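> My file is structure08.txt. It has compact mmCIF, C-alpha atoms and all ligand atoms:
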```
# COMPACT_ATOMS: atom_id res chain seq x y z
CA THR A 1 127.54 88.81 82.67
CA LYS A 2 123.92 89.45 81.95
CA CYS A 3 121.23 88.34 84.33
CA ALA A 4 118.08 89.63 82.65
CA GLN A 5 115.82 86.80 81.64
CA ASN A 6 114.46 86.47 78.18
CA GLY A 7 110.77 86.29 77.85
CA THR A 8 107.93 87.99 76.17
CA PHE A 9 105.02 89.76 77.72
CA SER A 10 101.67 88.79 76.32
CA GLU A 11 99.14 91.45 75.38
CA GLY A 12 97.64 93.04 78.46
CA GLU A 13 94.15 94.19 79.25
CA LEU A 14 92.46 97.01 81.11
CA GLN A 15 90.93 96.09 84.44
CA ARG A 16 89.05 98.05 87.03
CA PHE A 17 91.34 99.06 89.92
CA GLY A 18 91.21 96.55 92.75
CA PRO A 19 93.04 93.72 94.49
CA ILE A 20 95.02 91.31 92.35
CA GLU A 21 95.73 87.66 92.97
CA LEU A 22 99.28 86.78 93.86
CA ASN A 23 100.87 83.44 94.58
CA PRO A 24 101.96 83.34 98.27
CA SER A 25 105.19 81.82 97.01
CA SER A 26 105.82 84.53 94.39
CA GLY A 27 109.28 86.01 93.93
CA VAL A 28 108.09 89.51 94.73
CA LEU A 29 106.49 88.61 98.06
CA ASN A 30 109.34 86.40 99.24
CA TYR A 31 112.50 87.84 97.77
CA GLY A 32 111.55 91.39 96.84
CA GLN A 33 111.86 90.81 93.13
CA GLY A 34 110.00 93.93 92.13
CA LEU A 35 110.58 97.21 90.35
CA PHE A 36 108.44 100.24 89.85
CA GLU A 37 108.38 103.48 87.95
CA GLY A 38 106.67 106.80 88.43
CA LEU A 39 105.66 109.33 85.84
CA LYS A 40 102.96 111.93 85.42
CA ALA A 41 100.41 112.99 82.84
CA TYR A 42 99.54 116.69 82.75
CA ARG A 43 96.58 118.28 81.08
CA LYS A 44 97.55 120.85 78.54
CA ASP A 45 95.45 123.98 78.26
CA GLY A 46 92.78 123.07 75.77
CA GLY A 47 92.36 119.55 77.05
CA SER A 48 94.89 117.20 75.50
CA ILE A 49 97.18 115.19 77.75
CA LEU A 50 100.97 115.28 77.93
CA LEU A 51 103.40 112.63 79.12
CA PHE A 52 106.93 113.63 80.00
CA ARG A 53 109.77 111.50 78.58
CA PRO A 54 108.04 108.12 79.14
CA GLU A 55 110.76 106.29 77.16
CA GLU A 56 113.20 107.28 79.90
CA ASN A 57 111.08 105.44 82.47
CA ALA A 58 110.94 102.44 80.16
CA LEU A 59 114.72 102.41 79.80
CA ARG A 60 115.23 102.77 83.54
CA MET A 61 112.90 99.84 84.14
CA MET A 62 114.87 97.76 81.64
CA MET A 63 118.12 98.64 83.41
CA GLY A 64 116.59 97.74 86.77
CA ALA A 65 115.23 94.48 85.38
CA GLU A 66 118.73 93.45 84.38
CA ARG A 67 120.01 94.03 87.92
CA MET A 68 117.04 92.12 89.39
CA CYS A 69 117.29 89.18 86.97
CA MET A 70 113.90 89.93 85.47
CA PRO A 71 112.65 90.17 81.91
CA SER A 72 111.19 93.56 81.07
CA PRO A 73 108.71 94.97 78.61
CA THR A 74 110.25 96.69 75.60
CA VAL A 75 110.26 100.48 75.43
CA LYS A 76 107.43 100.31 72.94
CA GLN A 77 105.33 97.96 75.10
CA PHE A 78 105.95 100.09 78.18
CA VAL A 79 105.07 103.38 76.50
CA ASN A 80 102.01 101.92 74.76
CA ALA A 81 100.73 100.47 78.02
CA VAL A 82 101.19 103.86 79.71
CA LYS A 83 99.32 105.61 76.91
CA LEU A 84 96.49 103.10 76.97
CA THR A 85 96.10 103.32 80.74
CA VAL A 86 96.14 107.12 80.75
CA LEU A 87 93.65 107.39 77.91
CA ALA A 88 91.31 104.98 79.69
CA ASN A 89 91.53 107.22 82.77
CA LYS A 90 91.44 110.54 80.98
CA ARG A 91 88.72 111.97 83.18
CA TRP A 92 91.04 111.64 86.18
CA VAL A 93 93.71 113.93 84.71
CA PRO A 94 93.21 117.20 86.63
CA PRO A 95 92.81 120.52 84.79
CA THR A 96 95.99 122.47 83.92
CA GLY A 97 97.69 123.79 87.05
CA LYS A 98 95.53 121.68 89.40
CA GLY A 99 97.77 118.65 89.69
CA SER A 100 98.48 115.65 87.51
CA LEU A 101 97.75 112.00 87.01
CA TYR A 102 100.48 109.95 88.68
CA ILE A 103 101.27 106.78 86.75
CA ARG A 104 102.74 103.82 88.58
CA PRO A 105 104.09 100.94 86.45
CA LEU A 106 105.08 97.80 88.38
CA LEU A 107 107.13 94.83 87.29
CA MET A 108 107.26 91.85 89.61
CA GLY A 109 108.22 88.23 89.91
CA SER A 110 104.74 86.74 90.16
CA GLY A 111 105.70 83.11 89.61
CA ALA A 112 106.28 80.71 92.51
CA VAL A 113 109.73 80.08 93.99
CA LEU A 114 110.71 78.41 97.22
CA GLY A 115 114.49 78.34 97.30
CA LEU A 116 116.14 81.70 96.50
CA ALA A 117 116.02 82.15 92.73
CA PRO A 118 114.53 84.47 90.14
CA ALA A 119 110.82 83.77 89.67
CA PRO A 120 109.70 81.74 86.66
CA GLU A 121 106.96 84.22 85.67
CA TYR A 122 106.52 87.98 85.70
CA THR A 123 103.69 90.48 85.77
CA PHE A 124 103.77 94.03 84.47
CA LEU A 125 100.92 96.30 85.48
CA ILE A 126 100.13 99.99 85.69
CA PHE A 127 97.82 101.86 88.02
CA VAL A 128 97.13 105.58 88.13
CA SER A 129 95.92 108.16 90.59
CA PRO A 130 95.34 111.91 90.45
CA VAL A 131 97.81 113.76 92.68
CA GLY A 132 98.51 117.27 93.92
CA ASN A 133 101.73 118.38 95.60
CA TYR A 134 103.99 115.71 97.10
CA PHE A 135 105.06 117.71 100.14
CA LYS A 136 102.39 119.39 102.22
CA GLU A 137 104.50 122.54 101.84
CA GLY A 138 103.63 122.75 98.12
CA LEU A 139 106.29 124.92 96.46
CA ALA A 140 107.21 126.36 99.87
CA PRO A 141 110.65 125.30 101.13
CA ILE A 142 110.97 121.88 102.78
CA ASN A 143 113.09 121.00 105.81
CA LEU A 144 115.50 118.09 105.54
CA ILE A 145 117.59 116.21 108.03
CA VAL A 146 120.89 114.61 107.04
CA GLU A 147 120.83 110.97 108.09
CA ASN A 148 123.87 109.76 109.91
CA ASP A 149 122.80 106.34 111.16
CA PHE A 150 120.81 104.79 108.32
CA HIS A 151 121.83 104.38 104.71
CA ARG A 152 119.67 104.01 101.69
CA ALA A 153 122.23 102.31 99.48
CA THR A 154 125.70 100.90 99.41
CA PRO A 155 128.22 100.38 96.59
CA GLY A 156 127.39 97.16 94.76
CA GLY A 157 123.83 97.23 96.07
CA THR A 158 120.66 98.26 94.30
CA GLY A 159 120.52 101.99 95.06
CA GLY A 160 120.80 102.87 91.38
CA ILE A 161 117.57 101.17 90.36
CA LYS A 162 113.97 101.59 91.36
CA THR A 163 113.55 98.31 93.19
CA ILE A 164 110.96 98.03 95.94
CA GLY A 165 113.40 97.02 98.68
CA ASN A 166 115.17 100.40 98.50
CA TYR A 167 111.98 102.01 99.68
CA ALA A 168 111.36 99.48 102.44
CA SER A 169 114.81 100.27 103.81
CA VAL A 170 114.10 104.00 104.16
CA LEU A 171 110.71 103.74 105.88
CA LYS A 172 112.17 103.79 109.36
CA ALA A 173 114.54 106.74 108.88
CA GLN A 174 111.78 108.66 107.10
CA SER A 175 109.21 107.94 109.83
CA ILE A 176 111.60 109.11 112.54
CA ALA A 177 112.41 112.29 110.61
CA LYS A 178 108.74 113.04 109.97
CA ALA A 179 107.86 112.49 113.62
CA LYS A 180 110.48 115.13 114.45
CA GLY A 181 108.86 117.56 112.01
CA TYR A 182 111.19 117.22 109.01
CA SER A 183 109.82 116.83 105.50
CA ASP A 184 112.28 114.13 104.49
CA VAL A 185 115.74 112.63 104.89
CA LEU A 186 118.93 113.47 103.00
CA TYR A 187 121.24 110.45 102.75
CA LEU A 188 125.02 110.39 102.76
CA ASP A 189 127.27 107.86 101.07
CA SER A 190 127.63 104.77 103.25
CA VAL A 191 131.42 104.51 102.95
CA SER A 192 132.83 107.88 104.02
CA LYS A 193 129.58 109.51 105.27
CA LYS A 194 130.97 112.72 103.76
CA TYR A 195 129.18 113.04 100.45
CA LEU A 196 125.58 113.76 99.60
CA GLU A 197 123.57 111.05 97.88
CA GLU A 198 119.86 111.82 97.59
CA VAL A 199 116.58 112.18 99.45
CA SER A 200 114.18 109.21 99.93
CA SER A 201 112.33 110.00 96.72
CA CYS A 202 114.27 112.73 94.93
CA ASN A 203 117.69 113.93 93.83
CA VAL A 204 119.47 116.88 95.39
CA PHE A 205 121.15 119.98 93.93
CA VAL A 206 123.29 122.63 95.62
CA VAL A 207 123.65 126.15 94.19
CA LYS A 208 126.67 128.33 94.99
CA ASP A 209 127.57 131.52 93.11
CA LYS A 210 125.33 130.53 90.18
CA VAL A 211 127.10 127.15 89.82
CA ILE A 212 124.72 124.22 90.24
CA SER A 213 126.18 120.95 91.58
CA THR A 214 124.61 117.56 92.06
CA PRO A 215 125.97 114.17 93.15
CA ALA A 216 127.24 112.18 90.17
CA ILE A 217 125.50 108.92 89.23
CA LYS A 218 127.69 106.05 90.40
CA GLY A 219 125.35 103.21 91.25
CA THR A 220 124.12 104.28 94.68
CA ILE A 221 121.64 106.98 93.69
CA LEU A 222 118.71 106.80 91.34
CA PRO A 223 119.36 108.39 87.93
CA GLY A 224 116.36 110.69 88.14
CA ILE A 225 114.68 111.72 84.92
CA THR A 226 113.84 115.08 86.46
CA ARG A 227 117.49 115.40 87.53
CA LYS A 228 118.69 114.76 83.99
CA SER A 229 116.09 117.15 82.54
CA ILE A 230 116.91 119.92 85.03
CA ILE A 231 120.62 119.61 84.20
CA ASP A 232 119.81 120.17 80.51
CA VAL A 233 117.34 122.98 81.21
CA ALA A 234 119.84 124.73 83.51
CA ARG A 235 122.68 124.43 80.99
CA SER A 236 120.45 125.72 78.20
CA ARG A 237 119.82 128.76 80.39
CA GLY A 238 123.52 129.44 80.80
CA PHE A 239 124.13 127.86 84.19
CA GLN A 240 127.27 125.86 84.85
CA VAL A 241 126.19 122.43 86.14
CA GLU A 242 128.61 120.01 87.75
CA GLU A 243 127.96 116.32 88.40
CA ARG A 244 130.53 115.32 91.00
CA LEU A 245 131.10 114.36 94.62
CA VAL A 246 129.28 116.98 96.66
CA SER A 247 130.53 117.17 100.23
CA VAL A 248 128.09 117.58 103.10
CA ASP A 249 130.16 120.64 104.16
CA GLU A 250 129.06 122.42 101.01
CA LEU A 251 125.59 122.67 102.52
CA LEU A 252 126.99 125.19 105.00
CA ASP A 253 127.66 127.95 102.51
CA ALA A 254 125.29 127.04 99.68
CA ASP A 255 123.07 129.83 98.34
CA GLU A 256 120.22 127.46 97.56
CA VAL A 257 119.46 123.76 97.81
CA PHE A 258 116.66 122.07 95.89
CA CYS A 259 115.38 118.55 95.16
CA THR A 260 114.07 117.12 91.93
CA GLY A 261 111.78 114.22 91.13
CA THR A 262 108.63 113.30 89.26
CA ALA A 263 106.57 113.58 92.43
CA VAL A 264 108.32 116.59 93.97
CA VAL A 265 109.08 118.33 90.60
CA VAL A 266 111.55 120.99 91.87
CA SER A 267 111.25 121.46 95.63
CA PRO A 268 113.24 124.23 97.30
CA VAL A 269 114.91 123.34 100.58
CA GLY A 270 114.46 125.86 103.41
CA SER A 271 116.69 124.24 105.98
CA ILE A 272 118.93 121.25 106.51
CA THR A 273 119.83 119.83 109.90
CA TYR A 274 123.13 118.00 110.15
CA LEU A 275 124.49 116.58 113.41
CA GLY A 276 122.19 118.83 115.38
CA GLU A 277 123.12 122.03 113.50
CA ARG A 278 120.47 123.69 111.37
CA VAL A 279 121.48 125.56 108.21
CA GLU A 280 118.82 127.95 106.90
CA TYR A 281 118.38 128.95 103.28
CA GLY A 282 115.54 131.36 103.88
CA ASN A 283 111.84 130.78 103.96
CA LYS A 284 111.18 131.68 100.36
CA VAL A 285 111.84 129.95 97.08
CA GLY A 286 115.36 130.68 95.82
CA VAL A 287 115.72 132.45 92.47
CA VAL A 288 117.46 129.56 90.74
CA SER A 289 114.98 126.98 92.11
CA GLN A 290 112.08 129.18 91.04
CA GLN A 291 113.48 129.70 87.55
CA LEU A 292 114.09 125.99 87.00
CA TYR A 293 110.73 125.02 88.51
CA SER A 294 108.92 127.39 86.17
CA ALA A 295 110.92 126.29 83.12
CA LEU A 296 110.26 122.60 83.79
CA THR A 297 106.61 122.82 84.75
CA SER A 298 105.70 125.05 81.83
CA LEU A 299 107.27 122.47 79.53
CA GLN A 300 105.46 119.59 81.24
CA MET A 301 102.12 121.38 81.04
CA GLY A 302 102.63 122.39 77.44
CA LEU A 303 102.76 126.10 78.28
CA SER A 304 106.14 126.63 76.61
CA ASP A 305 107.72 125.50 73.39
CA ASP A 306 109.04 121.93 73.72
CA LYS A 307 112.30 122.44 71.83
CA MET A 308 113.80 119.29 73.35
CA GLY A 309 110.94 117.09 72.15
CA TRP A 310 110.39 115.75 75.67
CA THR A 311 106.61 115.68 75.80
CA VAL A 312 104.33 113.11 74.23
CA GLU A 313 100.88 114.42 73.43
CA LEU A 314 97.95 112.01 73.70
CA ASP A 315 94.66 112.47 71.81
N1 LIG B 1 115.62 109.25 93.85
C1 LIG B 1 114.74 108.35 94.31
C2 LIG B 1 115.18 107.42 95.40
C3 LIG B 1 113.45 108.28 93.78
O1 LIG B 1 112.57 107.38 94.24
C4 LIG B 1 113.08 109.19 92.76
C5 LIG B 1 111.69 109.14 92.19
N2 LIG B 1 111.61 108.28 91.10
C6 LIG B 1 114.03 110.11 92.30
C7 LIG B 1 115.29 110.12 92.88
C8 LIG B 1 113.72 111.06 91.20
O2 LIG B 1 113.61 110.40 89.96
P1 LIG B 1 112.67 110.95 88.82
O3 LIG B 1 113.10 112.34 88.57
O4 LIG B 1 112.90 110.06 87.67
O5 LIG B 1 111.29 110.88 89.33
```
Spell out the structure here as structure tokens.


Amino acid sequence: TKCAQNGTFSEGELQRFGPIELNPSSGVLNYGQGLFEGLKAYRKDGGSILLFRPEENALRMMMGAERMCMPSPTVKQFVNAVKLTVLANKRWVPPTGKGSLYIRPLLMGSGAVLGLAPAPEYTFLIFVSPVGNYFKEGLAPINLIVENDFHRATPGGTGGIKTIGNYASVLKAQSIAKAKGYSDVLYLDSVSKKYLEEVSSCNVFVVKDKVISTPAIKGTILPGITRKSIIDVARSRGFQVEERLVSVDELLDADEVFCTGTAVVVSPVGSITYLGERVEYGNKVGVVSQQLYSALTSLQMGLSDDKMGWTVELD
């Protein structure tokens, strides 16, 4: 049974960044009816601007909208709005190799509701900001802690979509981990607590004997666009990639562990702490992580041939 609401989005307009008006009784403020996306624009050498697979973000937002009983912009509306916003903020796209322009589309129930129900009206907006590295470590290895008490998602819940509540639920675990000196939290499945899920804002990969494994998509983890792209890039480079249940025990004898996401790109993991035991992967970037990082970033920055047709050039 479908829940997505029909509805059309009227033509938008560019506005200076600043506070927006929101009904105190809006669906997003009261019942968390909100979704977001995250993508980046990179400056190609020579000046033009590249987006990376923006249609994938549009499709993921549509999928999320269905789960959240919201109407969503079409792929064309989404991508056009992204292009328009980026072009209007062109001067904020950093030079090649110096960062990127992070693009944050939001879709929210802006109409008023009192009793629990989907909102009667929706707002789609995009804001942008120049960004550097997500982790203060840069490309240096990050240190994760496996979370045993808190869960990010549960079967039947909303872990597979980019809804705002998923991020509210990880704030506490993430704050505790950061206060203890970890870069981020690695979540386990909430049923058996035996299998890896993902990190607060990225997907996880484990490398053993040149075989790359990553948790399969089954509704509780976000289908990352970087994850999907890295799987294709790795396969095209001859790696065997498996999408399956990855047991937490596999962390013990992994050669390398890395995370992927729009914000984190490919981040090598230097250590993982699980039930008080710390497993070290070395304080330098692993060879597989480095190879995949370079392959992906050179594509995103237009430094290598885009055989997959993943980049969208603006200008
Ligand atoms: N998992 C979560 C929970 C995330 O928030 C993100 C960031 N969107 C990812 C994974 C990675 O997804 P993507 O590669 O599409 O950025």

> Could the residues of segment 95-166 of chain A that have an atom at most 12 Å from segment 227-249 of chain A be listed as JSON lines, each with its closest atom pair and the distance in Å to one decimal, counting all atoms listed in the file and ordered by chain and ascending residue number?


```
{"residue": "A:Ile145", "atom": "CA", "partner": "A:Val248", "partner_atom": "CA", "distance": 11.7}
{"residue": "A:Val146", "atom": "CA", "partner": "A:Val248", "partner_atom": "CA", "distance": 8.7}
{"residue": "A:Glu147", "atom": "CA", "partner": "A:Val248", "partner_atom": "CA", "distance": 11.0}
{"residue": "A:Asn148", "atom": "CA", "partner": "A:Val248", "partner_atom": "CA", "distance": 11.2}
```

> Quick check, in Å to one decimal: how far apart do atom CA of Thr262 of chain A and atom CA of Gly219 of chain A lie?

19.6 Å

> Give me the residues within 9 Å of Ala254 of chain A as an NGL selection string, counting only C-alpha atoms and dropping any in the same chain fewer than 2 places off.

:A and (206-209 or 250-252 or 256-257 or 281)

> Residues within 9 Å of ligand LIG 1 (chain B), counting all atoms listed in the file: report them as a count of residues only.

37

> Give the answer as one residue: which of A:Cys69, A:Val75, A:Val312, A:Val170 has the shortest atom-to-atom distance to Asp149 of chain A, using only C-alpha atoms?

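Going through A:Cys69, A:Val75, A:Val312, A:Val170 one by one, the smallest distance to Asp149 of chain A is for A:Val170.
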
> Could you jot down the atom CA of Gly27 of chain A to atom CA of Gly12 of chain A separation for me, Å, one decimal place?

20.6 Å
